[in-house]
Structure formats: structure tokens, C-alpha cells
Amino acid sequence: MTTVTMLTAAGLSKVTLSPPHGWRLPTRDETEQSWRANNPSRYLFVHGDFTGDEHIDTAMILVRSDGSGLAPFVALAGPDDQRRFLQAEQTNPISYLSEEGVKLLKPGKYITTCGKDYGCSENEKESVTISTDAIEFFKYEGPARLIYWDKSKGALSEAWLSD
């Protein structure tokens with residue numbers, strides 16, 4: 001089983017994350033794209049307080065153990081350093097891995113594709129204002145989604161930022 005060890009809270013504690021059953025971290029060979037060199041995490045993971053509970057959570061791209069697909073996951077931190085993994089979006093084909101990444105978004109107001117006049121689906125918001133850190137799940141030089149914690153639902157939600 002592959003694990004990732006990270007330093008949290010300015011290096012004050014170490015946390016080891018093991019992906020959920022049936023998932024693994026992407027390999028170096030799978031993520032050798034030159035555009036990833038611009039980021040220390042190679043756009044494969046970010047840390048932030050996504051739920052507003054003052055615990056540092058982790059968002060990451062994971063690959064199915066059989067190599068058939070990928071998805072963004074959020075590992076929510078609890079007070080006892082246990083992690084609860086949530087799959088943040090449906091599984092995408094593994095062929096997307098060479099162009100998919102994650103970035104940290106800070107609290108603020110984000111205009112969605114609906115608010116940018118790209119067309120709106122039913123119940124789609126023109127903007128989303130978040131009070132916690134969030135995740136941008138993006139395709140390199142392509143569309144991007146905002147993945148954020150919706151406190152009213154107690155769950156992750158998503159909004160398109162670009163197409």
C-alpha cells in the first residue's frame with residue numbers, strides 16, 4: 001500500500017495518509033508532464049482547511065489501483081488526526097491524468113461559468129462565495145471546477161469556473 005507523509009501546521013506534526021481501498025497515488029512516470037514542474041506538489045495535492053474546523057485537510061488526485069481511472073479526493077482531518085476520504089467527483093478516464101491537476105483556492109467570491117454568460121443549468125449559481133479554503137480541479141489549459149465544502153449540506157459541492 002502506498003502512503004504519503006506530509007508535515008502539517010508548519011512542520012509541527014507528521015501525518016501519513018493511505019489512500020482508500022482500490023485507489024493509489026499517481027506514479028512519477030504517469031505525471032512527468034513538463035507543466036507540472038511549476039509546482040512543488042506537481043499539482044497532485046494541496047492542503048487547506050476545507051471545512052472551516054481549523055484542521056488541515058488534503059485534496060489529492062488518486063488513481064484506481066487497476067489504473068483504469070482517476071478522481072479528486074478530499075481527506076478530511078478530524079481532531080484525532082484520523083482522515084475521512086471523500087471522492088470529490090466522478091471517476092474520469094486514466095487518459096485524463098496527463099492534463100488534470102489541483103490548486104488551492106482561498107476564501108472569496110468566485111464567478112461561475114453561469115455568471116460569465118456561458119449558459120446556466122437549472123439551479124446553477126452565477127457565483128459562489130466561500131469562507132474556507134477550496135480546491136480547483138482543472139485541466140491544463142482547459143476547464144476548471146471549484147470543489148468546496150457546502151456547510152448547509154455538510155458535503156462537498158462543485159461549480160464550473162471555466163469551460
# chains A, B, ... in the order shown; residues from 1 in each chain; ligands from 1
$ residues_around --residues "Glu136 in chain A" --least-positions-apart "6" --cutoff "12 Å" --atoms "only C-alpha atoms" --output "ChimeraX atom specification"
/A:43-46,50,59-61,72-74,88-89,100-106,110,143-148,157-162
$ select_by_dssp --residues "range 1-162 of chain A" --states "strand (DSSP E)" --output "PyMOL selection string"
chain A and resi 4-8+13-17+23-24+45-48+57-64+69-77+83-87+92-93+100-105+108-111+127-130+134-139+144-150+155-162
$ closest_residue --among "A:Thr112, A:Asp133, A:Glu99, A:Lys139" --to "Ile56 in chain A" --atoms "only C-alpha atoms"
A:Asp133
$ closest_atom_pairs --of "range 48-149 of chain A" --to "range 26-41 of chain A" --cutoff "7 Å" --atoms "only C-alpha atoms" --output "Markdown table"
| residue | atom | partner | partner_atom | distance |
| --- | --- | --- | --- | --- |
| A:Leu62 | CA | A:Pro26 | CA | 6.2 |
| A:Val63 | CA | A:Pro26 | CA | 5.8 |
| A:Ser98 | CA | A:Thr31 | CA | 6.2 |
$ write_last_selection --atoms "all heavy atoms" --output "compact mmCIF listing (two decimals), in the first residue's frame"
# COMPACT_ATOMS: atom_id res chain seq x y z
N LEU A 62 -6.15 10.81 -7.07
CA LEU A 62 -5.82 9.40 -6.89
C LEU A 62 -6.19 8.63 -8.16
O LEU A 62 -7.06 9.06 -8.93
CB LEU A 62 -6.56 8.81 -5.69
CG LEU A 62 -6.19 9.38 -4.32
CD1 LEU A 62 -7.04 8.75 -3.23
CD2 LEU A 62 -4.71 9.20 -4.04
N VAL A 63 -5.53 7.50 -8.34
CA VAL A 63 -5.72 6.63 -9.50
C VAL A 63 -6.28 5.31 -9.00
O VAL A 63 -5.86 4.80 -7.94
CB VAL A 63 -4.37 6.41 -10.23
CG1 VAL A 63 -4.49 5.39 -11.34
CG2 VAL A 63 -3.84 7.73 -10.77
N SER A 98 -2.74 13.03 -17.57
CA SER A 98 -1.64 13.87 -18.05
C SER A 98 -1.99 15.35 -18.07
O SER A 98 -1.10 16.19 -18.15
CB SER A 98 -1.21 13.42 -19.45
OG SER A 98 -2.25 13.64 -20.38
$ closest_residue --among "A:Ala75, A:Asp66, A:Lys125, A:Gly48" --to "Ser18 in chain A" --atoms "only C-alpha atoms"
A:Ala75
$ residues_around --residues "range 51-54 of chain A" --least-positions-apart "2" --cutoff "7 Å" --atoms "only C-alpha atoms" --output "ChimeraX atom specification"
/A:49,56,132,149
$ write_last_selection --atoms "N, CA, C and O atoms" --output "compact mmCIF listing (two decimals), in the first residue's frame"
# COMPACT_ATOMS: atom_id res chain seq x y z
N ASP A 49 -7.77 24.20 4.99
CA ASP A 49 -8.89 23.94 5.90
C ASP A 49 -10.17 24.06 5.07
O ASP A 49 -10.76 25.12 4.97
N ILE A 56 -6.24 20.82 9.21
CA ILE A 56 -5.71 20.86 7.84
C ILE A 56 -6.10 19.59 7.10
O ILE A 56 -5.72 18.48 7.48
N THR A 132 -14.08 29.26 3.42
CA THR A 132 -12.99 28.36 3.76
C THR A 132 -12.11 28.16 2.52
O THR A 132 -12.46 28.60 1.42
N TRP A 149 -16.59 23.01 0.36
CA TRP A 149 -17.43 22.44 1.41
C TRP A 149 -18.67 23.31 1.56
O TRP A 149 -18.57 24.49 1.86
$ closest_residue --among "A:Phe85, A:Trp23, A:Phe138, A:Tyr96" --to "Ser65 in chain A" --atoms "only C-alpha atoms"
A:Trp23
$ atom_distance --atom1 "CA of Lys151 in chain A" --atom2 "CA of Pro107 in chain A"
13.6 Å
$ closest_residue --among "A:Ala155, A:Leu97, A:Val128, A:Leu17" --to "Leu70 in chain A" --atoms "only C-alpha atoms"
A:Leu97
$ atom_distance --atom1 "CA of Ala71 in chain A" --atom2 "CA of Gln87 in chain A"
6.9 Å
$ closest_residue --among "A:Gly108, A:Ala77, A:His47, A:Arg83" --to "Pro20 in chain A" --atoms "only C-alpha atoms"
A:Arg83
$ atom_distance --atom1 "CA of Lys109 in chain A" --atom2 "CA of Ser131 in chain A"
8.9 Å
